[in-house]
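Q: My structure is stored as work_21.cif, with mmCIF, C-alpha atoms.
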```
data_coords
#
loop_
_atom_site.label_atom_id
_atom_site.label_comp_id
_atom_site.auth_asym_id
_atom_site.auth_seq_id
_atom_site.Cartn_x
_atom_site.Cartn_y
_atom_site.Cartn_z
CA MET A 8 37.78 45.30 166.78
CA ILE A 9 38.67 42.13 164.92
CA PRO A 10 42.17 42.23 163.45
CA THR A 11 42.33 41.82 159.69
CA ARG A 12 44.53 39.26 157.97
CA GLN A 13 46.84 42.17 157.08
CA ASP A 14 47.08 43.17 160.77
CA LEU A 15 47.89 39.60 161.81
CA ASP A 16 50.47 39.24 159.03
CA ALA A 17 52.12 42.51 160.09
CA LEU A 18 52.28 41.39 163.72
CA PHE A 19 53.53 37.95 162.71
CA SER A 20 56.26 39.40 160.48
CA LEU A 21 57.31 41.70 163.32
CA TYR A 22 58.39 38.65 165.31
CA ASP A 23 59.40 36.27 162.49
CA ALA A 24 63.02 37.48 162.49
CA ASP A 25 64.34 35.00 159.93
CA ARG A 26 61.27 35.40 157.65
CA SER A 27 60.73 31.63 157.62
CA GLY A 28 56.96 31.84 158.00
CA ALA A 29 57.14 30.35 161.49
CA ILE A 30 58.16 31.68 164.87
CA ASP A 31 60.51 29.13 166.38
CA TYR A 32 61.39 28.96 170.05
CA LYS A 33 64.65 30.86 169.55
CA GLU A 34 62.81 33.79 167.92
CA PHE A 35 60.04 33.68 170.48
CA SER A 36 62.38 33.62 173.47
CA GLY A 37 64.51 36.32 171.84
CA ILE A 38 61.46 38.56 171.67
CA LEU A 39 60.26 37.54 175.09
CA PHE A 40 63.57 38.21 176.81
CA ASN A 41 64.72 40.94 174.39
CA LYS A 42 67.84 39.01 173.38
CA ASP A 43 69.78 39.03 170.13
CA VAL A 44 68.59 36.26 167.80
CA SER A 45 69.40 37.68 164.37
CA GLY A 46 72.53 39.78 164.47
CA GLY A 47 71.49 42.63 166.71
CA SER A 48 69.17 43.82 169.41
CA PRO A 49 67.81 47.18 170.40
CA SER A 50 68.88 46.53 173.98
CA ARG A 51 72.58 46.04 173.36
CA PRO A 52 74.62 47.98 175.89
CA GLY A 53 76.98 49.93 173.63
CA THR A 54 76.63 51.66 170.30
CA SER A 55 78.89 53.62 168.07
CA GLY A 56 78.12 57.17 167.14
CA GLY A 57 78.99 60.67 168.11
CA GLY A 58 76.65 61.05 171.07
CA SER A 59 77.74 60.67 174.64
CA SER A 60 74.28 59.85 176.02
CA ASN A 61 72.95 56.40 176.76
CA PRO A 62 70.83 55.29 173.77
CA GLU A 63 68.23 53.70 176.05
CA VAL A 64 67.71 57.07 177.76
CA LEU A 65 67.41 58.83 174.40
CA ALA A 66 64.97 56.18 173.15
CA GLU A 67 62.87 56.60 176.29
CA LYS A 68 62.73 60.35 175.73
CA LEU A 69 61.56 59.76 172.15
CA LYS A 70 59.02 57.17 173.35
CA GLN A 71 57.55 59.68 175.81
CA LYS A 72 57.30 62.33 173.10
CA LEU A 73 55.57 59.90 170.73
CA ALA A 74 53.15 58.95 173.53
CA SER A 75 52.36 62.62 174.11
CA ARG A 76 51.43 62.80 170.43
CA GLY A 77 48.99 59.89 170.84
CA ALA A 78 51.29 57.05 169.73
CA ARG A 79 50.92 54.60 172.61
CA GLY A 80 50.16 51.32 170.85
CA ILE A 81 51.44 49.60 167.74
CA ILE A 82 48.84 51.31 165.53
CA GLY A 83 49.76 54.77 166.84
CA LEU A 84 53.47 54.07 166.48
CA GLY A 85 52.86 52.87 162.94
CA LYS A 86 51.12 56.13 162.14
CA GLN A 87 54.04 58.14 163.55
CA PHE A 88 56.49 56.01 161.57
CA ARG A 89 54.57 56.71 158.33
CA ILE A 90 54.59 60.43 159.14
CA MET A 91 58.38 60.33 159.58
CA ASP A 92 58.80 58.39 156.31
CA ASP A 93 58.76 61.38 153.94
CA ASN A 94 59.64 59.46 150.78
CA GLY A 95 57.31 56.50 151.39
CA SER A 96 60.13 53.94 151.29
CA LYS A 97 58.82 52.18 154.42
CA THR A 98 62.20 52.88 156.02
CA LEU A 99 63.73 55.92 157.69
CA ASP A 100 67.07 57.12 156.43
CA MET A 101 69.28 59.35 158.55
CA TYR A 102 67.83 62.52 157.00
CA GLU A 103 64.19 61.53 157.72
CA PHE A 104 65.05 60.33 161.23
CA SER A 105 66.99 63.49 162.06
CA LYS A 106 64.27 65.72 160.62
CA ALA A 107 61.60 63.94 162.67
CA LEU A 108 63.57 64.27 165.90
CA LYS A 109 64.12 67.96 165.24
CA ASP A 110 60.40 68.38 164.45
CA TYR A 111 59.59 66.80 167.83
CA MET A 112 61.82 69.47 169.44
CA LEU A 113 63.53 67.05 171.79
CA GLY A 114 66.75 69.05 171.82
CA PHE A 115 69.00 66.17 170.77
CA SER A 116 72.46 67.09 169.52
CA GLU A 117 73.68 65.77 166.16
CA GLY A 118 75.80 63.22 168.05
CA GLU A 119 72.81 62.04 170.10
CA ILE A 120 70.71 61.72 166.94
CA GLN A 121 73.47 59.61 165.38
CA THR A 122 73.70 57.46 168.53
CA LEU A 123 69.94 56.95 168.54
CA PHE A 124 69.91 56.17 164.79
CA ASN A 125 72.61 53.52 165.32
CA TYR A 126 70.64 52.10 168.24
CA PHE A 127 67.51 51.75 166.10
CA ASP A 128 69.35 50.46 162.99
CA VAL A 129 69.95 46.97 164.34
CA ASP A 130 70.90 45.37 161.01
CA ARG A 131 73.29 48.23 160.11
CA SER A 132 71.59 48.73 156.73
CA GLY A 133 71.79 52.51 156.98
CA SER A 134 68.03 52.79 157.41
CA ILE A 135 65.47 51.96 160.08
CA ASP A 136 62.64 49.69 159.02
CA TYR A 137 59.32 49.48 160.83
CA ASN A 138 60.28 46.37 162.81
CA GLU A 139 63.49 47.96 164.07
CA PHE A 140 61.57 51.09 165.01
CA ILE A 141 58.90 49.19 166.95
CA ARG A 142 61.38 46.95 168.77
CA ALA A 143 63.52 49.91 169.84
CA ILE A 144 60.56 52.02 171.00
CA ARG A 145 58.68 49.26 172.78
CA GLY A 146 61.76 47.98 174.63
CA ALA A 147 61.97 44.93 176.84
CA MET A 148 58.94 43.36 178.46
CA ASN A 149 58.51 43.37 182.20
CA PRO A 150 58.56 39.99 184.03
CA ASN A 151 54.76 39.79 184.38
CA ARG A 152 54.28 40.35 180.67
CA ARG A 153 56.99 37.78 179.87
CA LYS A 154 55.13 35.20 181.95
CA LEU A 155 51.87 36.02 180.20
CA VAL A 156 53.48 35.78 176.76
CA ALA A 157 55.07 32.43 177.67
CA GLN A 158 51.62 31.12 178.67
CA ALA A 159 50.11 32.44 175.44
CA TYR A 160 52.86 30.84 173.36
CA LYS A 161 52.31 27.51 175.06
CA LYS A 162 48.60 27.72 174.26
CA ILE A 163 49.10 28.83 170.64
CA ASP A 164 51.77 26.22 169.84
CA ARG A 165 49.10 23.55 169.72
CA ASP A 166 51.25 20.80 168.27
CA GLY A 167 54.13 21.57 170.66
CA ASN A 168 56.75 21.58 167.92
CA GLY A 169 58.46 24.76 169.18
CA TRP A 170 57.16 27.22 166.60
CA VAL A 171 53.88 28.84 165.70
CA ASP A 172 52.64 28.48 162.16
CA ILE A 173 49.32 29.42 160.57
CA ASN A 174 47.84 25.98 161.36
CA ASP A 175 48.45 26.54 165.07
CA ILE A 176 46.71 29.91 164.88
CA LYS A 177 43.77 28.45 162.96
CA GLY A 178 43.39 25.83 165.66
CA VAL A 179 43.24 28.38 168.46
CA TYR A 180 41.59 31.50 167.07
CA SER A 181 37.94 31.70 166.03
CA ALA A 182 35.97 34.89 165.56
CA LYS A 183 32.59 33.13 165.25
CA THR A 184 31.26 34.44 168.56
CA HIS A 185 32.91 37.87 168.49
CA PRO A 186 30.30 40.67 168.82
CA ASP A 187 31.53 42.40 165.66
CA VAL A 188 31.02 39.21 163.66
CA LEU A 189 27.59 38.54 165.15
CA SER A 190 26.28 42.04 164.39
#
```
I need this file expressed as structure tokens, please.
A:
Amino acid sequence: MIPTRQDLDALFSLYDADRSGAIDYKEFSGILFNKDVSGGSPSRPGTSGGGSSNPEVLAEKLKQKLASRGARGIIGLGKQFRIMDDNGSKTLDMYEFSKALKDYMLGFSEGEIQTLFNYFDVDRSGSIDYNEFIRAIRGAMNPNRRKLVAQAYKKIDRDGNGWVDINDIKGVYSAKTHPDVLS
């Protein structure tokens, strides 16, 4: 499958934390090492909320449930996010999030749901957008994947300026010989 421009834009915006149109080294390394680069991170150790459970453990339980429902990759997670988003706002408010978790029958208490909501809501806007959802569910990359991503970044950043813009991508990616294009 060849990704569409819309798919690439969605992926790009997922990692362009400051919405500048370029992924600078700080954003890239923040994603790579799952560090805070824009005011919050899904991997922060403490959260506020009524639950007593570790939010990472709760998120892992939710991740496993989503995987059992067929949501293993970004496309599947996107589908599950849209299912949770009852009002079509492209964000999950506390009501939608709580309803979804209860529908999944995970047995979370109200306090645990609040803890998990706070964990996902990195920007403290009172809602969870798609990027926050994906970052919290996917979690940190393992060391092998980090090394691979670092190699890919080095290859994509063709001009070596420390960020990837559309010109770098154009210089690296060509679908001319892809079987779907040839057929």
Q: Please, what distance in Å, to one decimal, runs between atom CA of Tyr22 of chain A and atom CA of Ser75 of chain A?
A: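 Atom CA of Ser75 of chain A lies at a distance of 26.2 Å from atom CA of Tyr22 of chain A.
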Q: Could you please determine the separation between atom CA of Asp16 of chain A and atom CA of Tyr126 of chain A in Å, to one decimal place?
A: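 Atom-to-atom, atom CA of Asp16 of chain A to atom CA of Tyr126 of chain A, that is 25.6 Å.
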Q: Figure out the distance between atom CA of Ala66 of chain A and atom CA of Leu123 of chain A, please, to one decimal in Å.
A: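 Here the two named atoms are 6.8 Å from each other.
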Q: Using all atoms listed in the file, find the one residue out of A:Gly95, A:Gly28, A:Gln87, A:Phe104 that sits nearest to Thr122 of chain A.
A: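 Selected residue with least distance to Thr122 of chain A: A:Phe104.
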Q: Closest to Ile90 of chain A among A:Lys183, A:Arg76, A:Arg153, A:Arg145, using all atoms listed in the file?
A: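 Of all the options, A:Arg76 lies closest to Ile90 of chain A.
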Q: So which one's closest to Arg131 of chain A, A:Met91, A:Trp170, A:Met101, A:Ala159? Using all atoms listed in the file, please.
A: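 Closest to Arg131 of chain A, using all atoms listed in the file: A:Met101.
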Q: Give the answer as one residue: which of A:Asn151, A:Ile9, A:Asp25, A:Asn138 has the shortest atom-to-atom distance to Val188 of chain A, using all atoms listed in the file?
A: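 Closest candidate: A:Ile9.
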